[in-house]
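Student: Here you go, this is entry_31.pdb (PDB, C-alpha atoms, pLDDT in the B column).
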```pdb
ATOM      1  CA  MET K   1     -68.564 -47.448   2.625  1.00 42.00           C
ATOM      2  CA  SER K   2     -66.137 -46.876   5.492  1.00 51.00           C
ATOM      3  CA  SER K   3     -64.607 -49.742   7.345  1.00 51.00           C
ATOM      4  CA  LEU K   4     -63.224 -50.030  10.827  1.00 54.00           C
ATOM      5  CA  ASN K   5     -59.659 -51.211  10.611  1.00 59.00           C
ATOM      6  CA  LYS K   6     -57.718 -52.868  13.395  1.00 61.00           C
ATOM      7  CA  GLU K   7     -55.538 -49.845  14.199  1.00 60.00           C
ATOM      8  CA  SER K   8     -58.429 -47.444  14.695  1.00 70.00           C
ATOM      9  CA  PHE K   9     -60.172 -49.986  16.964  1.00 72.00           C
ATOM     10  CA  ILE K  10     -57.018 -50.325  19.114  1.00 72.00           C
ATOM     11  CA  ASN K  11     -56.664 -46.533  19.272  1.00 72.00           C
ATOM     12  CA  ILE K  12     -60.266 -46.156  20.409  1.00 74.00           C
ATOM     13  CA  LEU K  13     -59.851 -48.912  22.982  1.00 73.00           C
ATOM     14  CA  PHE K  14     -56.613 -47.352  24.228  1.00 76.00           C
ATOM     15  CA  SER K  15     -58.285 -43.954  24.605  1.00 80.00           C
ATOM     16  CA  TYR K  16     -60.692 -45.456  27.171  1.00 88.00           C
ATOM     17  CA  PHE K  17     -57.841 -46.535  29.465  1.00 90.00           C
ATOM     18  CA  PRO K  18     -58.681 -44.021  32.248  1.00 93.00           C
ATOM     19  CA  ILE K  19     -62.304 -45.169  32.402  1.00 94.00           C
ATOM     20  CA  TRP K  20     -61.256 -48.823  32.511  1.00 93.00           C
ATOM     21  CA  MET K  21     -58.826 -48.069  35.346  1.00 92.00           C
ATOM     22  CA  LEU K  22     -61.459 -46.090  37.245  1.00 94.00           C
ATOM     23  CA  PHE K  23     -64.057 -48.846  37.208  1.00 94.00           C
ATOM     24  CA  LEU K  24     -61.486 -51.589  37.800  1.00 91.00           C
ATOM     25  CA  SER K  25     -60.194 -49.802  40.891  1.00 90.00           C
ATOM     26  CA  VAL K  26     -63.707 -49.092  42.192  1.00 91.00           C
ATOM     27  CA  PHE K  27     -64.879 -52.676  41.707  1.00 88.00           C
ATOM     28  CA  ASN K  28     -61.697 -54.091  43.208  1.00 82.00           C
ATOM     29  CA  ASP K  29     -61.650 -52.301  46.612  1.00 66.00           C
ATOM     30  CA  PHE K  30     -58.109 -53.557  47.174  1.00 61.00           C
ATOM     31  CA  ASP K  31     -56.543 -53.340  50.613  1.00 56.00           C
ATOM     32  CA  PHE K  32     -53.402 -54.687  52.259  1.00 56.00           C
ATOM     33  CA  ASN K  33     -54.957 -56.614  55.143  1.00 49.00           C
ATOM     34  CA  TYR K  34     -53.764 -59.966  53.837  1.00 49.00           C
ATOM     35  CA  LEU K  35     -50.150 -58.695  53.862  1.00 56.00           C
ATOM     36  CA  LYS K  36     -50.409 -57.972  57.603  1.00 62.00           C
ATOM     37  CA  ILE K  37     -49.711 -54.278  56.959  1.00 72.00           C
ATOM     38  CA  GLU K  38     -52.451 -52.735  59.041  1.00 74.00           C
ATOM     39  CA  TYR K  39     -51.876 -49.048  58.457  1.00 76.00           C
ATOM     40  CA  PHE K  40     -50.934 -48.999  54.797  1.00 81.00           C
ATOM     41  CA  ALA K  41     -53.588 -47.747  52.422  1.00 82.00           C
ATOM     42  CA  PHE K  42     -53.849 -45.177  49.701  1.00 88.00           C
ATOM     43  CA  ASN K  43     -56.717 -44.003  47.565  1.00 91.00           C
ATOM     44  CA  PHE K  44     -55.854 -44.792  43.968  1.00 92.00           C
ATOM     45  CA  VAL K  45     -59.192 -43.453  42.735  1.00 94.00           C
ATOM     46  CA  HIS K  46     -58.423 -39.970  44.071  1.00 95.00           C
ATOM     47  CA  ILE K  47     -55.073 -39.969  42.267  1.00 96.00           C
ATOM     48  CA  LEU K  48     -56.666 -41.228  39.060  1.00 96.00           C
ATOM     49  CA  ILE K  49     -59.513 -38.706  39.078  1.00 96.00           C
ATOM     50  CA  PHE K  50     -57.247 -35.799  40.031  1.00 97.00           C
ATOM     51  CA  PHE K  51     -54.692 -36.497  37.312  1.00 97.00           C
ATOM     52  CA  TRP K  52     -57.041 -37.225  34.419  1.00 96.00           C
ATOM     53  CA  THR K  53     -59.473 -34.401  35.146  1.00 95.00           C
ATOM     54  CA  LEU K  54     -56.569 -31.991  35.547  1.00 94.00           C
ATOM     55  CA  LYS K  55     -54.388 -33.011  32.600  1.00 92.00           C
ATOM     56  CA  ASN K  56     -56.802 -34.457  30.061  1.00 89.00           C
ATOM     57  CA  PRO K  57     -60.463 -34.146  31.090  1.00 90.00           C
ATOM     58  CA  ASP K  58     -61.698 -35.470  27.742  1.00 88.00           C
ATOM     59  CA  HIS K  59     -60.844 -39.053  28.726  1.00 87.00           C
ATOM     60  CA  LEU K  60     -62.756 -39.208  32.007  1.00 90.00           C
ATOM     61  CA  GLY K  61     -66.284 -37.817  32.021  1.00 90.00           C
ATOM     62  CA  TYR K  62     -68.217 -36.553  35.008  1.00 94.00           C
ATOM     63  CA  THR K  63     -70.987 -39.091  34.455  1.00 95.00           C
ATOM     64  CA  SER K  64     -68.589 -42.023  34.632  1.00 95.00           C
ATOM     65  CA  ILE K  65     -66.996 -40.528  37.758  1.00 96.00           C
ATOM     66  CA  PHE K  66     -70.425 -40.130  39.371  1.00 97.00           C
ATOM     67  CA  LEU K  67     -71.380 -43.733  38.535  1.00 97.00           C
ATOM     68  CA  ALA K  68     -68.039 -44.989  39.850  1.00 95.00           C
ATOM     69  CA  GLY K  69     -68.766 -43.200  43.125  1.00 95.00           C
ATOM     70  CA  ILE K  70     -72.180 -44.846  43.416  1.00 96.00           C
ATOM     71  CA  ILE K  71     -70.605 -48.257  42.756  1.00 95.00           C
ATOM     72  CA  ASN K  72     -67.870 -47.537  45.304  1.00 92.00           C
ATOM     73  CA  ASP K  73     -70.465 -46.675  47.958  1.00 93.00           C
ATOM     74  CA  VAL K  74     -72.348 -49.907  47.320  1.00 93.00           C
ATOM     75  CA  ILE K  75     -69.199 -52.035  47.443  1.00 90.00           C
ATOM     76  CA  ILE K  76     -67.677 -50.568  50.607  1.00 88.00           C
ATOM     77  CA  GLY K  77     -71.030 -50.164  52.357  1.00 89.00           C
ATOM     78  CA  ILE K  78     -71.325 -46.463  53.062  1.00 92.00           C
ATOM     79  CA  PRO K  79     -74.420 -44.336  52.356  1.00 94.00           C
ATOM     80  CA  ILE K  80     -74.965 -43.901  48.638  1.00 94.00           C
ATOM     81  CA  GLY K  81     -73.803 -40.614  47.200  1.00 94.00           C
ATOM     82  CA  ILE K  82     -70.912 -39.743  49.523  1.00 95.00           C
ATOM     83  CA  SER K  83     -68.154 -41.022  47.238  1.00 94.00           C
ATOM     84  CA  SER K  84     -69.831 -39.510  44.183  1.00 96.00           C
ATOM     85  CA  PHE K  85     -70.024 -36.160  45.928  1.00 97.00           C
ATOM     86  CA  CYS K  86     -66.349 -36.369  46.933  1.00 96.00           C
ATOM     87  CA  TYR K  87     -65.238 -37.477  43.459  1.00 97.00           C
ATOM     88  CA  LEU K  88     -67.158 -34.635  41.829  1.00 97.00           C
ATOM     89  CA  LEU K  89     -65.614 -32.168  44.279  1.00 97.00           C
ATOM     90  CA  ILE K  90     -62.216 -33.355  43.054  1.00 97.00           C
ATOM     91  CA  CYS K  91     -63.395 -32.723  39.487  1.00 97.00           C
ATOM     92  CA  PHE K  92     -64.606 -29.221  40.284  1.00 96.00           C
ATOM     93  CA  ALA K  93     -61.372 -28.396  42.099  1.00 96.00           C
ATOM     94  CA  THR K  94     -59.253 -29.636  39.197  1.00 96.00           C
ATOM     95  CA  ALA K  95     -61.367 -27.671  36.730  1.00 95.00           C
ATOM     96  CA  TYR K  96     -60.730 -24.571  38.805  1.00 95.00           C
ATOM     97  CA  ILE K  97     -56.992 -25.294  39.019  1.00 95.00           C
ATOM     98  CA  ARG K  98     -56.817 -25.964  35.276  1.00 93.00           C
ATOM     99  CA  ASN K  99     -58.515 -22.635  34.512  1.00 93.00           C
ATOM    100  CA  ILE K 100     -56.378 -20.464  36.801  1.00 92.00           C
ATOM    101  CA  THR K 101     -53.017 -22.086  36.055  1.00 86.00           C
ATOM    102  CA  LEU K 102     -50.888 -20.207  33.572  1.00 84.00           C
ATOM    103  CA  SER K 103     -48.025 -22.675  33.401  1.00 85.00           C
ATOM    104  CA  PRO K 104     -48.574 -26.220  34.708  1.00 87.00           C
ATOM    105  CA  ASN K 105     -46.039 -27.302  37.286  1.00 91.00           C
ATOM    106  CA  PHE K 106     -45.685 -30.686  38.994  1.00 94.00           C
ATOM    107  CA  ILE K 107     -44.959 -29.224  42.441  1.00 95.00           C
ATOM    108  CA  ASN K 108     -48.000 -26.930  42.304  1.00 94.00           C
ATOM    109  CA  ASP K 109     -50.173 -29.840  41.182  1.00 95.00           C
ATOM    110  CA  TRP K 110     -48.827 -32.022  43.976  1.00 96.00           C
ATOM    111  CA  LEU K 111     -49.469 -29.401  46.657  1.00 96.00           C
ATOM    112  CA  SER K 112     -52.927 -28.728  45.237  1.00 96.00           C
ATOM    113  CA  PHE K 113     -53.571 -32.454  45.397  1.00 97.00           C
ATOM    114  CA  LEU K 114     -52.642 -32.488  49.098  1.00 97.00           C
ATOM    115  CA  PHE K 115     -55.073 -29.677  49.842  1.00 97.00           C
ATOM    116  CA  ILE K 116     -57.841 -31.339  47.844  1.00 97.00           C
ATOM    117  CA  ILE K 117     -57.486 -34.793  49.423  1.00 96.00           C
ATOM    118  CA  LEU K 118     -57.358 -33.247  52.898  1.00 96.00           C
ATOM    119  CA  LEU K 119     -60.572 -31.396  52.094  1.00 96.00           C
ATOM    120  CA  ILE K 120     -62.250 -34.440  50.545  1.00 96.00           C
ATOM    121  CA  ASN K 121     -61.312 -36.795  53.388  1.00 94.00           C
ATOM    122  CA  SER K 122     -62.429 -34.283  56.012  1.00 95.00           C
ATOM    123  CA  ILE K 123     -65.780 -33.895  54.257  1.00 94.00           C
ATOM    124  CA  GLN K 124     -66.164 -37.665  54.017  1.00 94.00           C
ATOM    125  CA  VAL K 125     -65.275 -38.163  57.696  1.00 94.00           C
ATOM    126  CA  THR K 126     -67.694 -35.393  58.691  1.00 94.00           C
ATOM    127  CA  PHE K 127     -70.529 -36.969  56.724  1.00 94.00           C
ATOM    128  CA  LEU K 128     -69.867 -40.470  58.019  1.00 93.00           C
ATOM    129  CA  ASP K 129     -69.240 -39.578  61.660  1.00 93.00           C
ATOM    130  CA  LEU K 130     -71.462 -36.608  62.398  1.00 91.00           C
ATOM    131  CA  ILE K 131     -74.385 -37.091  60.043  1.00 92.00           C
ATOM    132  CA  PHE K 132     -74.679 -40.868  59.576  1.00 92.00           C
ATOM    133  CA  PHE K 133     -73.148 -41.865  62.953  1.00 93.00           C
ATOM    134  CA  ILE K 134     -70.795 -44.401  61.411  1.00 92.00           C
ATOM    135  CA  GLU K 135     -67.708 -45.049  63.532  1.00 91.00           C
ATOM    136  CA  VAL K 136     -64.638 -43.710  61.747  1.00 91.00           C
ATOM    137  CA  ASN K 137     -60.991 -44.443  62.508  1.00 90.00           C
ATOM    138  CA  TYR K 138     -59.383 -41.003  62.148  1.00 93.00           C
ATOM    139  CA  LEU K 139     -55.856 -42.416  62.219  1.00 92.00           C
ATOM    140  CA  LYS K 140     -56.583 -44.635  59.209  1.00 89.00           C
ATOM    141  CA  TYR K 141     -57.949 -41.657  57.270  1.00 91.00           C
ATOM    142  CA  LEU K 142     -54.883 -39.600  58.139  1.00 93.00           C
ATOM    143  CA  ILE K 143     -52.508 -42.388  57.109  1.00 91.00           C
ATOM    144  CA  ASN K 144     -54.518 -42.970  53.933  1.00 90.00           C
ATOM    145  CA  THR K 145     -54.213 -39.280  53.088  1.00 93.00           C
ATOM    146  CA  GLY K 146     -50.465 -39.330  53.727  1.00 95.00           C
ATOM    147  CA  PHE K 147     -49.803 -42.384  51.571  1.00 93.00           C
ATOM    148  CA  THR K 148     -52.070 -41.073  48.819  1.00 94.00           C
ATOM    149  CA  PHE K 149     -50.078 -37.847  48.804  1.00 97.00           C
ATOM    150  CA  LEU K 150     -46.754 -39.720  48.766  1.00 96.00           C
ATOM    151  CA  PHE K 151     -47.789 -42.048  45.926  1.00 95.00           C
ATOM    152  CA  TYR K 152     -49.040 -39.236  43.706  1.00 97.00           C
ATOM    153  CA  PRO K 153     -45.636 -38.566  42.036  1.00 97.00           C
ATOM    154  CA  ILE K 154     -45.265 -42.218  40.996  1.00 96.00           C
ATOM    155  CA  PHE K 155     -48.684 -42.333  39.397  1.00 96.00           C
ATOM    156  CA  PHE K 156     -48.262 -38.817  37.994  1.00 96.00           C
ATOM    157  CA  PHE K 157     -45.273 -39.884  35.905  1.00 95.00           C
ATOM    158  CA  LEU K 158     -46.917 -43.175  34.936  1.00 95.00           C
ATOM    159  CA  PHE K 159     -50.171 -41.493  33.896  1.00 94.00           C
ATOM    160  CA  ASN K 160     -48.271 -38.721  32.140  1.00 93.00           C
ATOM    161  CA  PHE K 161     -46.463 -41.357  30.066  1.00 91.00           C
ATOM    162  CA  ILE K 162     -49.781 -43.080  29.266  1.00 90.00           C
ATOM    163  CA  ASN K 163     -51.390 -39.739  28.415  1.00 90.00           C
ATOM    164  CA  LYS K 164     -48.627 -39.007  25.913  1.00 88.00           C
ATOM    165  CA  LYS K 165     -49.082 -42.461  24.364  1.00 84.00           C
ATOM    166  CA  ILE K 166     -52.842 -41.976  24.112  1.00 84.00           C
ATOM    167  CA  SER K 167     -52.433 -38.556  22.521  1.00 78.00           C
ATOM    168  CA  PHE K 168     -49.836 -39.934  20.097  1.00 71.00           C
ATOM    169  CA  LYS K 169     -52.038 -42.912  19.144  1.00 64.00           C
ATOM    170  CA  LEU K 170     -55.110 -40.732  18.599  1.00 59.00           C
ATOM    171  CA  ASN K 171     -53.188 -38.269  16.423  1.00 65.00           C
ATOM    172  CA  ASP K 172     -51.923 -40.991  14.083  1.00 59.00           C
TER     173      ASP K 172
END
```
Show this structure as structure tokens.

Tutor:
Amino acid sequence: MSSLNKESFINILFSYFPIWMLFLSVFNDFDFNYLKIEYFAFNFVHILIFFWTLKNPDHLGYTSIFLAGIINDVIIGIPIGISSFCYLLICFATAYIRNITLSPNFINDWLSFLFIILLINSIQVTFLDLIFFIEVNYLKYLINTGFTFLFYPIFFFLFNFINKKISFKLND
């Protein structure tokens, strides 16, 4: 009879790190209003989904991304399905990038990320403003896009380090 030892349990738990981070960030809806920084915001979920679906799509499934989008819509109070649609568009774009890329390059990934978040935020603003008639602050979306783009390299290197650790732990 096989037994589950402590090391294999830790390895399995460690391999679910991206999913834990996704749901923690969606449930948290963290902003910087209490720090009196009005125009500082970035979308951690976009960075997380872009990196993990581009570099190691086995650790973050489309179903969990869809459910995280539904939860995000409920928590922030926008019509259900918009965040899921945007998150899945990120997944489809990263799948396309992953399939056409011959040699992965950080700069190409970063510029692709800028294009994708500009597209995603414009789609989200269009849905909210023109279809659902929800008042949208365009400046906040633009600043959010800028800070998300600027913070991508920090999280890229952090997630890359974690990805190497996960791959090393699972191969042991």

Student: Quick check, in Å to one decimal: how far apart do CA of Phe155 in chain K and CA of Leu48 in chain K lie?

Tutor: 8.1 Å

Student: Grab the CA of Val136 in chain K to CA of Thr94 in chain K distance for me, in Å with one decimal place.

Tutor: 27.1 Å

Student: Quote the spacing between CA of Thr126 in chain K and CA of Met21 in chain K in Å to one decimal place.

Tutor: 28.0 Å

Student: Report as lines of an AutoDock Vina configuration file the centre and the edge lengths, in Å to one decimal, of the axis-aligned box holding every listed atom of range 153-164 of chain K, padded by 3 Å on each side.

Tutor:
```
center_x = -48.3
center_y = -40.9
center_z = 34.0
size_x = 12.1
size_y = 10.6
size_z = 22.1
```

Student: What's the 10 Å shell around Gln124 in chain K, counting only C-alpha atoms, without same-chain residues fewer than 6 positions away, as a list in words?

Tutor: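 With the cut-off at 10 Å, the set is Ile82, Ser83, Phe85, Cys86, Leu118, Leu130, Val136 and Tyr141 of chain K.
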
Student: When you look at Asp109 in chain K with a cut-off of 10 Å (counting only C-alpha atoms), what residues show up, excluding the ones that are within fewer than 5 positions of it in the same chain? I need them as a PDB file with C-alpha atoms, in the frame of the given file.

Tutor:
```
ATOM      1  CA  PHE K  50     -57.247 -35.799  40.031  1.00 97.00           C
ATOM      2  CA  PHE K  51     -54.692 -36.497  37.312  1.00 97.00           C
ATOM      3  CA  LEU K  54     -56.569 -31.991  35.547  1.00 94.00           C
ATOM      4  CA  THR K  94     -59.253 -29.636  39.197  1.00 96.00           C
ATOM      5  CA  ILE K  97     -56.992 -25.294  39.019  1.00 95.00           C
ATOM      6  CA  ARG K  98     -56.817 -25.964  35.276  1.00 93.00           C
ATOM      7  CA  THR K 101     -53.017 -22.086  36.055  1.00 86.00           C
ATOM      8  CA  PRO K 104     -48.574 -26.220  34.708  1.00 87.00           C
ATOM      9  CA  LEU K 114     -52.642 -32.488  49.098  1.00 97.00           C
ATOM     10  CA  PHE K 115     -55.073 -29.677  49.842  1.00 97.00           C
ATOM     11  CA  TYR K 152     -49.040 -39.236  43.706  1.00 97.00           C
ATOM     12  CA  PRO K 153     -45.636 -38.566  42.036  1.00 97.00           C
ATOM     13  CA  PHE K 156     -48.262 -38.817  37.994  1.00 96.00           C
TER      14      PHE K 156
END
```

Student: Written as a PyMOL selection string, what is the full residue list that the PyMOL selection byres ((chain K and resi 61) around 12) yields on the file shown?

Tutor: chain K and resi 16+18-19+22+49+52-54+56-60+62-68+87-88+91

Student: Given the selection you just returned, output its residues as a file containing C-alpha atoms, formatted as a CSV table (one decimal), in the coordinates of the input.

Tutor:
```csv
chain,number,residue,atom,x,y,z
K,16,TYR,CA,-60.7,-45.5,27.2
K,18,PRO,CA,-58.7,-44.0,32.2
K,19,ILE,CA,-62.3,-45.2,32.4
K,22,LEU,CA,-61.5,-46.1,37.2
K,49,ILE,CA,-59.5,-38.7,39.1
K,52,TRP,CA,-57.0,-37.2,34.4
K,53,THR,CA,-59.5,-34.4,35.1
K,54,LEU,CA,-56.6,-32.0,35.5
K,56,ASN,CA,-56.8,-34.5,30.1
K,57,PRO,CA,-60.5,-34.1,31.1
K,58,ASP,CA,-61.7,-35.5,27.7
K,59,HIS,CA,-60.8,-39.1,28.7
K,60,LEU,CA,-62.8,-39.2,32.0
K,62,TYR,CA,-68.2,-36.6,35.0
K,63,THR,CA,-71.0,-39.1,34.5
K,64,SER,CA,-68.6,-42.0,34.6
K,65,ILE,CA,-67.0,-40.5,37.8
K,66,PHE,CA,-70.4,-40.1,39.4
K,67,LEU,CA,-71.4,-43.7,38.5
K,68,ALA,CA,-68.0,-45.0,39.8
K,87,TYR,CA,-65.2,-37.5,43.5
K,88,LEU,CA,-67.2,-34.6,41.8
K,91,CYS,CA,-63.4,-32.7,39.5
```

Student: Would you mind telling me which residue in K:Ile80, K:Ile47, K:Ala93, K:Leu142 lies nearest to Leu128 in chain K when using all atoms listed in the file?

Tutor: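 Between K:Ile80, K:Ile47, K:Ala93, K:Leu142, the residue approaching Leu128 in chain K most closely is K:Ile80.
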
Student: List the residues matched by the PyMOL selection byres ((chain K and resi 147) around 12) in the displayed structure as a ChimeraX atom specification, ordered by chain and then by residue number.

Tutor: /K:39-44,46-47,114,117-118,140-146,148-154

Student: Please list as a list in words every residue within 10 Å of Phe127 in chain K, counting only C-alpha atoms and excluding residues in the same chain fewer than 6 positions away.

Tutor: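 Everything that qualifies: Pro79, Ile82, Asn121, Phe133 and Ile134 of chain K.
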